[in-house]
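*Asks:* My questions all concern the structure below.
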Amino acid sequence: MILGYPADDESSYNTYNDFPRMSLISNKFEETLTRGPGLMQYGYFHSLNNYISDFSMAYTVHTASKIYAETAIMKTAVTLFVTGIR
């Protein structure tokens with residue numbers, strides 16, 4: 001999943017910084033080949049009570065995003081967090 005605006009350029013940063021504001025609550029992500037729950041750009045993200053299993057990357061925090069993750073079960077991970085701080 002791509003959460004937030006997908007472009008990564010200065011115009012998008014100026015327009016979409018701090019948006020969206022989104023909560024991911026009580027989801028189940030299993031056997032994802034790439035990101036589970038997803039690539040997060042620009043916004044504020046709250047992750048609560050999620051189950052994430054058999055994945056290559058979990059939260060990919062990128063391009064001015066902020067995440068607060070709590071009470072998640074993660075297992076069989078290759079990479080838990082990937083950051084691209086701007």
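Residue numbering restarts at 1 in every chain; chains get A, B, ... in the order shown in the structure tokens, and ligands count up from 1 in that same order.
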Mind listing the strand (DSSP E or B) residues of chain A, per DSSP on the backbone, as JSON, numbers by chain?
*Replies:* {"A": [2, 3, 21, 22, 23, 24, 25, 28, 29, 30, 31, 32, 33, 34, 35, 36, 37, 38, 39, 40, 41, 44, 45, 46, 47, 48, 51, 52, 53, 54, 55, 56, 57, 58, 59, 60, 61, 62, 66, 67, 68, 69, 70, 73, 74, 75, 76, 77, 78, 79, 80, 81, 82, 83, 84]}
*Asks:* Would you list the contacts of region 67-69 of chain A as a PDB file with all heavy atoms, in the first residue's frame, taking every protein, DNA or RNA residue within 6 Å and counting only C-alpha atoms, but skipping same-chain residues closer than 3 positions in sequence?
*Replies:*
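Contents of the output file out_34.pdb:
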ATOM      1  N   TYR A  44       0.555  12.044   8.935  1.00  0.00           N
ATOM      2  CA  TYR A  44       0.600  11.508  10.287  1.00  0.00           C
ATOM      3  C   TYR A  44      -0.113  10.163  10.262  1.00  0.00           C
ATOM      4  O   TYR A  44      -1.252  10.075   9.811  1.00  0.00           O
ATOM      5  CB  TYR A  44      -0.130  12.430  11.269  1.00  0.00           C
ATOM      6  CG  TYR A  44       0.556  13.747  11.491  1.00  0.00           C
ATOM      7  CD1 TYR A  44       0.183  14.874  10.776  1.00  0.00           C
ATOM      8  CD2 TYR A  44       1.577  13.878  12.430  1.00  0.00           C
ATOM      9  CE1 TYR A  44       0.805  16.083  10.984  1.00  0.00           C
ATOM     10  CE2 TYR A  44       2.205  15.083  12.643  1.00  0.00           C
ATOM     11  CZ  TYR A  44       1.815  16.192  11.914  1.00  0.00           C
ATOM     12  OH  TYR A  44       2.432  17.390  12.120  1.00  0.00           O
ATOM     13  N   PHE A  45       0.541   9.119  10.773  1.00  0.00           N
ATOM     14  CA  PHE A  45      -0.033   7.777  10.744  1.00  0.00           C
ATOM     15  C   PHE A  45      -0.013   7.173  12.139  1.00  0.00           C
ATOM     16  O   PHE A  45       1.008   7.215  12.822  1.00  0.00           O
ATOM     17  CB  PHE A  45       0.752   6.892   9.769  1.00  0.00           C
ATOM     18  CG  PHE A  45       0.750   7.427   8.372  1.00  0.00           C
ATOM     19  CD1 PHE A  45       1.789   8.223   7.926  1.00  0.00           C
ATOM     20  CD2 PHE A  45      -0.299   7.163   7.526  1.00  0.00           C
ATOM     21  CE1 PHE A  45       1.790   8.736   6.641  1.00  0.00           C
ATOM     22  CE2 PHE A  45      -0.319   7.671   6.233  1.00  0.00           C
ATOM     23  CZ  PHE A  45       0.726   8.459   5.800  1.00  0.00           C
ATOM     24  N   HIS A  46      -1.137   6.623  12.534  1.00  0.00           N
ATOM     25  CA  HIS A  46      -1.259   5.941  13.818  1.00  0.00           C
ATOM     26  C   HIS A  46      -1.574   4.485  13.520  1.00  0.00           C
ATOM     27  O   HIS A  46      -2.537   4.179  12.825  1.00  0.00           O
ATOM     28  CB  HIS A  46      -2.389   6.570  14.641  1.00  0.00           C
ATOM     29  CG  HIS A  46      -2.606   5.892  15.939  1.00  0.00           C
ATOM     30  ND1 HIS A  46      -3.850   5.767  16.496  1.00  0.00           N
ATOM     31  CD2 HIS A  46      -1.749   5.306  16.801  1.00  0.00           C
ATOM     32  CE1 HIS A  46      -3.751   5.127  17.654  1.00  0.00           C
ATOM     33  NE2 HIS A  46      -2.491   4.833  17.854  1.00  0.00           N
ATOM     34  N   SER A  47      -0.738   3.599  14.011  1.00  0.00           N
ATOM     35  CA  SER A  47      -0.912   2.167  13.802  1.00  0.00           C
ATOM     36  C   SER A  47      -1.169   1.509  15.151  1.00  0.00           C
ATOM     37  O   SER A  47      -0.361   1.618  16.067  1.00  0.00           O
ATOM     38  CB  SER A  47       0.351   1.596  13.157  1.00  0.00           C
ATOM     39  OG  SER A  47       0.242   0.213  13.012  1.00  0.00           O
TER      40      SER A  47
END
*Asks:* For Leu39 (chain A), find every residue with an atom within 10 Å (counting only C-alpha atoms), except residues of its own chain fewer than 3 positions away, and show them as a list in words.
*Replies:* Met1, Ile2, Leu3, Gly4, Pro6, Thr34, Arg35, Gly36, Met57, Ala58, Tyr59, Thr60, Val61, His62, Thr63, Ser65, Val82 and Thr83 of chain A
*Asks:* Can I get the residues of region 38-76 of chain A within 8 Å of region 23-31 of chain A, each with the closest pair of atoms and their distance in Å to one decimal, using only C-alpha atoms, sorted chain first then ascending number, as a tab-separated table?
*Replies:*
residue	atom	partner	partner_atom	distance
A:Phe45	CA	A:Ser23	CA	5.7
A:His46	CA	A:Ser23	CA	4.6
A:Ser47	CA	A:Leu24	CA	4.8
A:Leu48	CA	A:Ile25	CA	4.8
A:Asn49	CA	A:Ser26	CA	4.8
A:Asn50	CA	A:Ser26	CA	4.8
A:Tyr51	CA	A:Lys28	CA	4.8
A:Ile52	CA	A:Phe29	CA	4.7
A:Ser53	CA	A:Glu30	CA	4.8
A:Asp54	CA	A:Glu31	CA	4.7
A:Phe55	CA	A:Glu31	CA	5.6
*Asks:* Do you have the CA of Ala7 (chain A)-CA of Pro37 (chain A) distance handy?
*Replies:*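 Taking CA of Ala7 (chain A) and CA of Pro37 (chain A), their separation equals 18.5 Å.
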*Asks:* A:Met22, A:Thr32, A:Thr76, A:Asp8: which is nearest Ala64 (chain A), counting only C-alpha atoms?
*Replies:*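 For Ala64 (chain A), the nearest of the candidates is A:Asp8.
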*Asks:* What does the distance from CA of Thr15 (chain A) to CA of Lys66 (chain A) come to in Å, to one decimal?
*Replies:* 16.3 Å
*Asks:* Name the residues of region 3-84 of chain A that fall into alpha helix (DSSP H) according to DSSP on the backbone, using the chain letters and numbers of this document, as a PyMOL selection string.
*Replies:* chain A and resi 10-16
*Asks:* For the residues in that selection, give me N, CA, C and O atoms as an mmCIF file, in the first residue's frame.
*Replies:*
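This went into result.cif:
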data_model
loop_
_atom_site.group_PDB
_atom_site.id
_atom_site.type_symbol
_atom_site.label_atom_id
_atom_site.label_comp_id
_atom_site.auth_asym_id
_atom_site.auth_seq_id
_atom_site.Cartn_x
_atom_site.Cartn_y
_atom_site.Cartn_z
ATOM 1 N N GLU A 10 9.578 18.212 -4.666
ATOM 2 C CA GLU A 10 9.414 19.398 -3.825
ATOM 3 C C GLU A 10 8.004 19.979 -3.906
ATOM 4 O O GLU A 10 7.452 20.435 -2.905
ATOM 5 N N SER A 11 7.379 19.942 -5.053
ATOM 6 C CA SER A 11 6.008 20.447 -5.202
ATOM 7 C C SER A 11 5.037 19.648 -4.338
ATOM 8 O O SER A 11 4.179 20.214 -3.656
ATOM 9 N N SER A 12 5.160 18.327 -4.355
ATOM 10 C CA SER A 12 4.303 17.476 -3.522
ATOM 11 C C SER A 12 4.571 17.718 -2.042
ATOM 12 O O SER A 12 3.642 17.762 -1.235
ATOM 13 N N TYR A 13 5.833 17.869 -1.687
ATOM 14 C CA TYR A 13 6.186 18.157 -0.295
ATOM 15 C C TYR A 13 5.521 19.450 0.166
ATOM 16 O O TYR A 13 4.912 19.504 1.233
ATOM 17 N N ASN A 14 5.582 20.500 -0.634
ATOM 18 C CA ASN A 14 4.984 21.782 -0.262
ATOM 19 C C ASN A 14 3.466 21.718 -0.186
ATOM 20 O O ASN A 14 2.845 22.391 0.633
ATOM 21 N N THR A 15 2.845 20.895 -1.028
ATOM 22 C CA THR A 15 1.389 20.794 -1.079
ATOM 23 C C THR A 15 0.832 19.827 -0.044
ATOM 24 O O THR A 15 -0.186 20.106 0.587
ATOM 25 N N TYR A 16 1.472 18.662 0.146
ATOM 26 C CA TYR A 16 0.889 17.572 0.926
ATOM 27 C C TYR A 16 1.547 17.325 2.273
ATOM 28 O O TYR A 16 1.153 16.390 2.973
#
*Asks:* Have a look at A:Pro20, A:Lys75, A:Glu70, A:Tyr5 and name the one nearest to Ser56 (chain A); count only C-alpha atoms.
*Replies:*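 The closest residue to Ser56 (chain A) is A:Lys75.
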